[in-house]
There are 2 protein chains.
Amino acid sequence: MVSYDRIMKLSLERGFYFPSSEIYSDSPAGFWEYGPNGNNVKNKFIDLWRRELVRRDDMVEIDGSQIMSRNVFVASGHIDNFSDPVIACSKCKSVFRADKFILEKEGIDVPERIPNDEVDKILNQYNLNCPKCHSAFQKTERFNMMFKVEIGPNHDEAYLRPETCQAIFVDFMRIFKIMRGKFPFPIAQVGKSFRNEIAPRQSLLRLREFYQAEIEVFCNPSQLDVIPQFDEIQETTLNIDEGTQISKLTAKEALERKIIPNKLIAYYLALLYEFYEKTGIDMNQTRLRKLSDQEKAFYATIAFDFEVKTNLGWLELVACNYRSNYDLSQHSKISKEKMEIMDPVTNEKVLPHVFELSLGIDRSIYSILEHSFVEDHENNRVLLKLKPYLAPILAGILPLVKKPELEEIAKNIYFSLKKDFDIYYDGSGSIGRRYRRLEEIGVPFAITVDYDTLQDHSVTIRYRDTMEQKRMQIKELTSFFEKTKKP
Amino acid sequence: MVSYDRIMKLSLERGFYFPSSEIYSDSPAGFWEYGPNGNNVKNKFIDLWRRELVRRDDMVEIDGSQIMSRNVFVASGHIDNFSDPVIACSKCKSVFRADKFILEKEGIDVPERIPNDEVDKILNQYNLNCPKCHSAFQKTERFNMMFKVEIGPNHDEAYLRPETCQAIFVDFMRIFKIMRGKFPFPIAQVGKSFRNEIAPRQSLLRLREFYQAEIEVFCNPSQLDVIPQFDEIQETTLNIDEGTQISKLTAKEALERKIIPNKLIAYYLALLYEFYEKTGIDMNQTRLRKLSDQEKAFYATIAFDFEVKTNLGWLELVACNYRSNYDLSQHSKISKEKMEIMDPVTNEKVLPHVFELSLGIDRSIYSILEHSFVEDHENNRVLLKLKPYLAPILAGILPLVKKPELEEIAKNIYFSLKKDFDIYYDGSGSIGRRYRRLEEIGVPFAITVDYDTLQDHSVTIRYRDTMEQKRMQIKELTSFFEKTKKP
């Protein structure tokens, strides 16, 4: 398995991602930029998510504001609950996240939501002091992870959203009405969220500003097993963590064995599996793990994490939470807006429940890069086996040698394709070196123009993974590439 | 011409856009959400921009962090210069933007960057007091329009970016090297920017959180007329505001008449015109206006605004600024990083200059909606004549009447197309009413399944604008729709 550091080196050198504000000494940790190659992969990942989840399941998608009013987060519970325990040194003022510190020092796995006085007790019991200056810690405090912003000349308090979904809850009534909704009614959203992590780390894996793709499925809680589309996915295999082992179960089996409580949840977990299958992540290295009460977010009644195995261990990519009517009931209470809906099918008045798939895009991109990375020692090359529809560049157009007549045809091919496809013209360096450059960033095809091209209008297409080469007519390229744009 | 209020009504009722946090009384002004239809139009507008500008011109695109370090904005000048003059009432504490207040009360057009004491003088001279309580104003102050955020437990100061481009400048050296750049070297970025406007208004037209699509073209200032691609666009027509009249000039003519100073600027302004032509905006209602020294942003040496005429007057959609080496020289100074580059063609060492196309996405969406809106009184209908590749939904699939055998075929067509296209199944209501619903949100095609479909596998395709109807084979639909995905 390739190391985290090797992926980081590739990312820095080849423009997948790199630190934000990196030329400045005051650049804050936990902020990263997607370079040209990473940005393309990220955008294509989002396109795939739209195709395989949003459009497949007739979801609607919105794009809400990142800054929202204080009351939104009073209602959501984030003002009160979205905090970590922190300890500050009484002398040098160094600050640590208490639960991580205790885990690191004593191997004790305390929950994030441990009461402050219990932290103080543990610090006392194990005689834990500041690792920098050895002084005692001050009393444990809670550190709220939301970023506050002040709006307008009167400095009104508002917040950067810590999750994209609150806009979906707040907008639900309007959208359900506009779209003439029926249950289950899924609303999706992609965008940035912000969490003021105390110790951001590992580049894309724990960011302060990050991309989420969230789906909130509004449902009538009495109808969770009335899901006609369930038939489409009942044979889809899920990897379920049963504690002692990870079992391959179909959605139907997981439901029958009551590991998954209802058809609605089973259906969306299966869609998620089918989606990730298409990203090129090795699905044998994934699992669905049911969270314990201590691990669950404060709004969840049932929660599964979709996790993928990386060289840093299991990594959560998607939080799948049954949020019940927590959010709508809170927003209804604080805003005084009624949020009950007449179910147009059953004619019941319901305050809808919500099941969500909250997907971390940045972590998914990292996992895809890691699972695609291959060191091909035999051929002395490094390659990213990205799916063509996720590759930053679809094809390189290469004149075999630097001759005007070959360059002219190669450029004509390039110009005729470039608006429709992400392609790249590369005319300099040995052909072998140009292949290596393309392989390393995951370009699946190289198109070579040679002297035969002048005669018969054919080019060589070289496949990244097999290094196989075939002749193809220039006029066939468009339809060939068109097919590679989707799974 | 349709009124602003009519477009607002459409947007609220049909899910193009609506206020953020709208159920809450503390929802701050200047924040709006894209609903399902608006989100689709916005995403397709960005795809078109990528096709017609980014890919056409071989640009690279990045996606940087929205929160950046303080020093970034010390260097960019935003800490010192990005502020509006404000006046606060000494008694009731109401706050106004001074320049707007003076314009409104006395019709005097003072520049945004008017010194504080000159504002005080004018207020004194015209005896202007608080319009709410009639008390005197306090001394004029500057209000910085950036949103500050505090990072981590030590509350380090950072800012939400007021323009996307600073990431491009800060990252320039790394990207130029990774991509083996040559001049002119354009870097593009789409994303949110944030400005703490004192008086946000008119929904998408003056937001506090808004979408930009920016292109920064790095160039060697000695080579601004060495632009081989200029030939592609020299006959492209631009509407140039010459003060007394708006003249239609080709890019070549505008260059010869020295209205545009060099080929590089002329080339990118022409690309911009060709792009907007494809959005469906009425190009006869657009102009390029050269800004006076007083109007220009503080970093610009030459500036054109691309403006479009709306029912609210001329609206700036794109700021086209020649920023010279202002940004790189400032970042180099503050960060102490050298930013001179060896031009690989001329072998000169240069600190690159920058020409930018800073495009406002939200205002563009508003303008497209306004210019597409048609009240067809003759046929008693309202329609949005959106280009098929910008329409929120490409086609409605409609069984002519509610009969199981027609619904089955209609659903099969729907299922076979929905992953590839934004299509919509609508089986309820009279067929005329269903057409109206589709037309009002700009759906260009309606596919009707009727009893003939059962016999000959053909459907009726109805064209939104002409209401013309044709028969088409079901198996032809995919290739028909595929062609409508691009201009």
# chains A, B, ... in the order shown; residues from 1 in each chain; ligands from 1
>>> select_by_dssp(residues="stretch 66-211 of chain A", states="helix (DSSP H, G or I)", output="JSON, numbers by chain")
{"A": [70, 71, 72, 73, 74, 75, 76, 78, 79, 80, 81, 98, 99, 100, 101, 102, 103, 104, 105, 106, 116, 117, 118, 119, 120, 121, 122, 123, 124, 125, 165, 166, 167, 168, 169, 170, 171, 172, 173, 174, 175, 176, 177, 178, 203, 204, 205]}
>>> residues_around(residues="stretch 89-105 of chain A", least_positions_apart="5", cutoff="8 Å", atoms="only C-alpha atoms", output="list in words")
Asp84, Val110, Pro111, Glu112, Val119, Leu123, Asn129, Cys130, Lys132, Cys133, Ser135, Ala136, Phe137, Gln138, Thr140, Ile198 and Ala199 of chain A; Pro153 and Asn154 of chain B
>>> residues_around(residues="B:Val308", least_positions_apart="5", cutoff="8 Å", atoms="only C-alpha atoms", output="list in words")
Gln285, Thr286, Arg287, Trp314, Leu315, Glu316, Leu317 and Ser367 of chain B
>>> write_last_selection(atoms="N, CA and C atoms", output="PDB file, in the first residue's frame")
ATOM      1  N   GLN B 285     -27.969  44.772 -26.062  1.00  0.00           N
ATOM      2  CA  GLN B 285     -28.194  45.475 -24.798  1.00  0.00           C
ATOM      3  C   GLN B 285     -26.959  45.343 -23.897  1.00  0.00           C
ATOM      4  N   THR B 286     -25.797  45.286 -24.500  1.00  0.00           N
ATOM      5  CA  THR B 286     -24.574  45.214 -23.695  1.00  0.00           C
ATOM      6  C   THR B 286     -23.610  46.307 -24.135  1.00  0.00           C
ATOM      7  N   ARG B 287     -22.663  46.603 -23.292  1.00  0.00           N
ATOM      8  CA  ARG B 287     -21.607  47.556 -23.677  1.00  0.00           C
ATOM      9  C   ARG B 287     -20.340  47.279 -22.881  1.00  0.00           C
ATOM     10  N   TRP B 314     -28.186  49.954 -16.381  1.00  0.00           N
ATOM     11  CA  TRP B 314     -26.993  49.206 -16.760  1.00  0.00           C
ATOM     12  C   TRP B 314     -26.437  48.489 -15.539  1.00  0.00           C
ATOM     13  N   LEU B 315     -26.055  47.237 -15.747  1.00  0.00           N
ATOM     14  CA  LEU B 315     -25.588  46.408 -14.640  1.00  0.00           C
ATOM     15  C   LEU B 315     -24.221  45.845 -15.011  1.00  0.00           C
ATOM     16  N   GLU B 316     -23.250  46.023 -14.134  1.00  0.00           N
ATOM     17  CA  GLU B 316     -21.912  45.489 -14.383  1.00  0.00           C
ATOM     18  C   GLU B 316     -21.907  43.978 -14.171  1.00  0.00           C
ATOM     19  N   LEU B 317     -21.545  43.224 -15.199  1.00  0.00           N
ATOM     20  CA  LEU B 317     -21.429  41.763 -15.031  1.00  0.00           C
ATOM     21  C   LEU B 317     -19.978  41.321 -14.896  1.00  0.00           C
ATOM     22  N   SER B 367     -29.583  38.415 -15.201  1.00  0.00           N
ATOM     23  CA  SER B 367     -29.708  39.034 -16.526  1.00  0.00           C
ATOM     24  C   SER B 367     -30.227  38.036 -17.554  1.00  0.00           C
TER      25      SER B 367
END
>>> residues_around(residues="stretch 1-3 of chain B", least_positions_apart="2", cutoff="8 Å", atoms="only C-alpha atoms", output="tab-separated table (two decimals) with C-alpha atoms, in the first residue's frame")
chain	number	residue	atom	x	y	z
B	5	ASP	CA	-40.51	42.38	-9.46
B	6	ARG	CA	-41.92	39.96	-12.03
B	7	ILE	CA	-38.61	38.09	-12.19
B	311	ASN	CA	-34.91	47.02	-16.20
B	370	GLU	CA	-34.67	38.82	-17.44
B	373	PHE	CA	-38.60	36.15	-20.02
B	374	VAL	CA	-41.44	36.45	-22.52
>>> closest_atom_pairs(of="stretch 84-171 of chain B", to="stretch 63-76 of chain B", cutoff="8 Å", atoms="only C-alpha atoms", output="Markdown table")
| residue | atom | partner | partner_atom | distance |
| --- | --- | --- | --- | --- |
| B:Glu157 | CA | B:Arg70 | CA | 6.2 |
| B:Ala158 | CA | B:Ser69 | CA | 4.6 |
| B:Tyr159 | CA | B:Ile67 | CA | 5.4 |
| B:Leu160 | CA | B:Ile67 | CA | 4.5 |
| B:Arg161 | CA | B:Gln66 | CA | 5.5 |
| B:Thr164 | CA | B:Gln66 | CA | 7.5 |
| B:Gln166 | CA | B:Val72 | CA | 7.4 |
| B:Ala167 | CA | B:Gly64 | CA | 5.8 |
| B:Ile168 | CA | B:Gly64 | CA | 7.8 |
| B:Val170 | CA | B:Val72 | CA | 7.8 |
>>> atom_distance(atom1="atom CA of B:Asp120", atom2="atom CA of B:Ser292")
24.6 Å
>>> atom_distance(atom1="atom CA of B:Phe183", atom2="atom CA of B:Cys219")
5.2 Å
>>> residues_around(residues="A:Lys252", least_positions_apart="6", cutoff="8 Å", atoms="only C-alpha atoms", output="PyMOL selection string")
chain A and resi 234-235+266
>>> closest_residue(among="A:Glu408, A:Asp47, A:Glu118, A:Glu337", to="chain B", atoms="only C-alpha atoms")
A:Glu337
>>> residues_around(residues="A:Lys139", least_positions_apart="5", cutoff="8 Å", atoms="only C-alpha atoms", output="PDB file with all heavy atoms, in the first residue's frame")
ATOM      1  N   ILE A  87      -7.968  22.110  26.758  1.00  0.00           N
ATOM      2  CA  ILE A  87      -7.211  22.431  27.965  1.00  0.00           C
ATOM      3  C   ILE A  87      -6.086  23.372  27.568  1.00  0.00           C
ATOM      4  O   ILE A  87      -5.431  23.191  26.551  1.00  0.00           O
ATOM      5  CB  ILE A  87      -6.645  21.163  28.643  1.00  0.00           C
ATOM      6  CG1 ILE A  87      -6.057  20.192  27.589  1.00  0.00           C
ATOM      7  CG2 ILE A  87      -7.727  20.457  29.449  1.00  0.00           C
ATOM      8  CD1 ILE A  87      -5.463  18.918  28.165  1.00  0.00           C
ATOM      9  N   ALA A  88      -5.914  24.420  28.381  1.00  0.00           N
ATOM     10  CA  ALA A  88      -4.865  25.407  28.115  1.00  0.00           C
ATOM     11  C   ALA A  88      -3.869  25.383  29.271  1.00  0.00           C
ATOM     12  O   ALA A  88      -4.253  25.251  30.444  1.00  0.00           O
ATOM     13  CB  ALA A  88      -5.471  26.799  27.976  1.00  0.00           C
ATOM     14  N   ASN A 116     -16.629  18.480  31.241  1.00  0.00           N
ATOM     15  CA  ASN A 116     -15.368  19.152  31.583  1.00  0.00           C
ATOM     16  C   ASN A 116     -14.752  18.623  32.879  1.00  0.00           C
ATOM     17  O   ASN A 116     -13.541  18.404  32.958  1.00  0.00           O
ATOM     18  CB  ASN A 116     -15.604  20.661  31.741  1.00  0.00           C
ATOM     19  CG  ASN A 116     -15.949  21.308  30.416  1.00  0.00           C
ATOM     20  OD1 ASN A 116     -15.817  20.673  29.362  1.00  0.00           O
ATOM     21  ND2 ASN A 116     -16.375  22.556  30.455  1.00  0.00           N
ATOM     22  N   ASP A 120     -10.936  17.079  33.878  1.00  0.00           N
ATOM     23  CA  ASP A 120     -10.085  17.574  34.968  1.00  0.00           C
ATOM     24  C   ASP A 120      -9.678  16.434  35.905  1.00  0.00           C
ATOM     25  O   ASP A 120      -8.524  16.337  36.340  1.00  0.00           O
ATOM     26  CB  ASP A 120     -10.828  18.652  35.779  1.00  0.00           C
ATOM     27  CG  ASP A 120     -11.102  19.898  34.944  1.00  0.00           C
ATOM     28  OD1 ASP A 120     -10.410  20.091  33.915  1.00  0.00           O
ATOM     29  OD2 ASP A 120     -12.018  20.666  35.301  1.00  0.00           O
TER      30      ASP A 120
END
>>> select_by_dssp(residues="stretch 204-323 of chain A", states="strand (DSSP E)", output="PyMOL selection string")
chain A and resi 209-219+237-241+246-250+286-290+302-310+313-323
>>> write_last_selection(atoms="N, CA and C atoms", output="short mmCIF file (atom, residue, chain, number, x, y, z; two decimals), in the first residue's frame")
data_model
loop_
_atom_site.label_atom_id
_atom_site.label_comp_id
_atom_site.auth_asym_id
_atom_site.auth_seq_id
_atom_site.Cartn_x
_atom_site.Cartn_y
_atom_site.Cartn_z
N GLU A 209 -11.86 24.09 6.39
CA GLU A 209 -12.81 24.47 5.33
C GLU A 209 -12.84 23.29 4.37
N PHE A 210 -14.01 22.72 4.14
CA PHE A 210 -14.05 21.47 3.40
C PHE A 210 -15.33 21.36 2.59
N TYR A 211 -15.30 20.45 1.63
CA TYR A 211 -16.45 20.24 0.75
C TYR A 211 -17.30 19.07 1.23
N GLN A 212 -18.60 19.31 1.29
CA GLN A 212 -19.53 18.23 1.56
C GLN A 212 -20.48 18.06 0.39
N ALA A 213 -20.94 16.86 0.20
CA ALA A 213 -22.07 16.60 -0.71
C ALA A 213 -23.10 15.90 0.16
N GLU A 214 -24.15 16.61 0.48
CA GLU A 214 -25.11 16.07 1.44
C GLU A 214 -26.46 15.80 0.77
N ILE A 215 -27.08 14.74 1.25
CA ILE A 215 -28.42 14.37 0.78
C ILE A 215 -29.28 14.19 2.02
N GLU A 216 -30.38 14.92 2.08
CA GLU A 216 -31.30 14.79 3.20
C GLU A 216 -32.62 14.24 2.64
N VAL A 217 -32.95 13.03 3.07
CA VAL A 217 -34.17 12.38 2.56
C VAL A 217 -35.29 12.60 3.57
N PHE A 218 -36.27 13.41 3.20
CA PHE A 218 -37.43 13.66 4.06
C PHE A 218 -38.43 12.53 3.86
N CYS A 219 -38.92 12.01 4.96
CA CYS A 219 -39.79 10.84 4.82
C CYS A 219 -40.89 10.83 5.86
N THR A 237 -24.46 -5.64 -2.94
CA THR A 237 -23.69 -6.13 -1.80
C THR A 237 -23.14 -4.97 -0.97
N LEU A 238 -23.32 -5.08 0.34
CA LEU A 238 -22.76 -4.12 1.29
C LEU A 238 -21.74 -4.86 2.16
N ASN A 239 -20.72 -4.14 2.60
CA ASN A 239 -19.77 -4.72 3.55
C ASN A 239 -20.13 -4.23 4.93
N ILE A 240 -20.68 -5.12 5.73
CA ILE A 240 -21.18 -4.69 7.03
C ILE A 240 -20.21 -5.13 8.12
N ASP A 241 -19.81 -4.16 8.92
CA ASP A 241 -18.93 -4.47 10.04
C ASP A 241 -19.79 -5.03 11.17
N ILE A 246 -16.11 -8.41 9.01
CA ILE A 246 -16.85 -7.63 8.02
C ILE A 246 -17.52 -8.62 7.07
N SER A 247 -18.86 -8.57 7.01
CA SER A 247 -19.61 -9.54 6.21
C SER A 247 -20.11 -8.90 4.94
N LYS A 248 -20.05 -9.65 3.85
CA LYS A 248 -20.67 -9.21 2.61
C LYS A 248 -22.12 -9.66 2.63
N LEU A 249 -23.01 -8.72 2.71
CA LEU A 249 -24.45 -9.03 2.75
C LEU A 249 -25.14 -8.21 1.67
N THR A 250 -26.15 -8.80 1.04
CA THR A 250 -26.95 -7.98 0.13
C THR A 250 -27.83 -7.06 0.98
N THR A 286 -13.76 -1.41 2.15
CA THR A 286 -14.74 -0.49 2.73
C THR A 286 -15.61 -1.23 3.73
N ARG A 287 -16.27 -0.47 4.58
CA ARG A 287 -17.22 -1.09 5.50
C ARG A 287 -18.28 -0.07 5.92
N LEU A 288 -19.42 -0.63 6.29
CA LEU A 288 -20.46 0.17 6.93
C LEU A 288 -20.43 -0.20 8.40
N ARG A 289 -20.27 0.81 9.22
CA ARG A 289 -20.12 0.53 10.64
C ARG A 289 -21.22 1.26 11.41
N LYS A 290 -21.97 0.50 12.18
CA LYS A 290 -23.03 1.10 13.00
C LYS A 290 -22.38 1.76 14.21
N ILE A 302 -30.05 6.77 14.68
CA ILE A 302 -29.38 5.59 14.13
C ILE A 302 -28.27 6.14 13.24
N ALA A 303 -27.08 5.58 13.29
CA ALA A 303 -26.01 6.13 12.46
C ALA A 303 -25.09 5.02 11.97
N PHE A 304 -24.80 5.07 10.67
CA PHE A 304 -23.78 4.21 10.07
C PHE A 304 -22.70 5.11 9.49
N ASP A 305 -21.45 4.72 9.66
CA ASP A 305 -20.38 5.38 8.93
C ASP A 305 -19.98 4.50 7.75
N PHE A 306 -19.85 5.12 6.59
CA PHE A 306 -19.23 4.42 5.46
C PHE A 306 -17.75 4.75 5.53
N GLU A 307 -16.93 3.71 5.71
CA GLU A 307 -15.50 3.93 5.92
C GLU A 307 -14.68 3.20 4.86
N VAL A 308 -13.52 3.75 4.60
CA VAL A 308 -12.63 3.13 3.63
C VAL A 308 -11.26 2.96 4.29
N LYS A 309 -10.61 1.85 3.97
CA LYS A 309 -9.31 1.58 4.57
C LYS A 309 -8.23 2.30 3.78
N THR A 310 -7.45 3.11 4.46
CA THR A 310 -6.32 3.80 3.83
C THR A 310 -5.08 3.43 4.61
N GLY A 313 -5.30 4.01 8.21
CA GLY A 313 -6.34 3.30 8.95
C GLY A 313 -7.70 3.55 8.33
N TRP A 314 -8.74 3.16 9.03
CA TRP A 314 -10.10 3.36 8.53
C TRP A 314 -10.45 4.85 8.55
N LEU A 315 -11.05 5.30 7.46
CA LEU A 315 -11.34 6.72 7.30
C LEU A 315 -12.83 6.87 6.99
N GLU A 316 -13.52 7.70 7.76
CA GLU A 316 -14.94 7.94 7.51
C GLU A 316 -15.12 8.82 6.28
N LEU A 317 -15.84 8.33 5.28
CA LEU A 317 -16.13 9.16 4.10
C LEU A 317 -17.56 9.70 4.13
N VAL A 318 -18.48 8.90 4.65
CA VAL A 318 -19.89 9.32 4.63
C VAL A 318 -20.53 9.00 5.98
N ALA A 319 -21.15 10.00 6.57
CA ALA A 319 -21.95 9.78 7.77
C ALA A 319 -23.39 9.59 7.33
N CYS A 320 -23.96 8.45 7.69
CA CYS A 320 -25.32 8.12 7.27
C CYS A 320 -26.18 8.14 8.52
N ASN A 321 -26.89 9.23 8.73
CA ASN A 321 -27.58 9.44 9.99
C ASN A 321 -29.09 9.45 9.83
N TYR A 322 -29.76 8.72 10.67
CA TYR A 322 -31.20 8.89 10.77
C TYR A 322 -31.41 9.97 11.83
N ARG A 323 -31.81 11.17 11.37
CA ARG A 323 -31.90 12.33 12.26
C ARG A 323 -33.29 12.48 12.85
#
>>> closest_residue(among="A:Gln245, A:Gln229, A:Asn262, A:Ser222", to="chain B", atoms="only C-alpha atoms")
A:Gln229
>>> residues_around(residues="A:Leu383", least_positions_apart="4", cutoff="9 Å", atoms="only C-alpha atoms", output="ChimeraX atom specification")
/A:372-376,436,438-443,464-465
>>> closest_residue(among="B:Asn39, B:Gln469, B:Ser324, B:Asn284", to="chain A", atoms="only C-alpha atoms")
B:Asn39
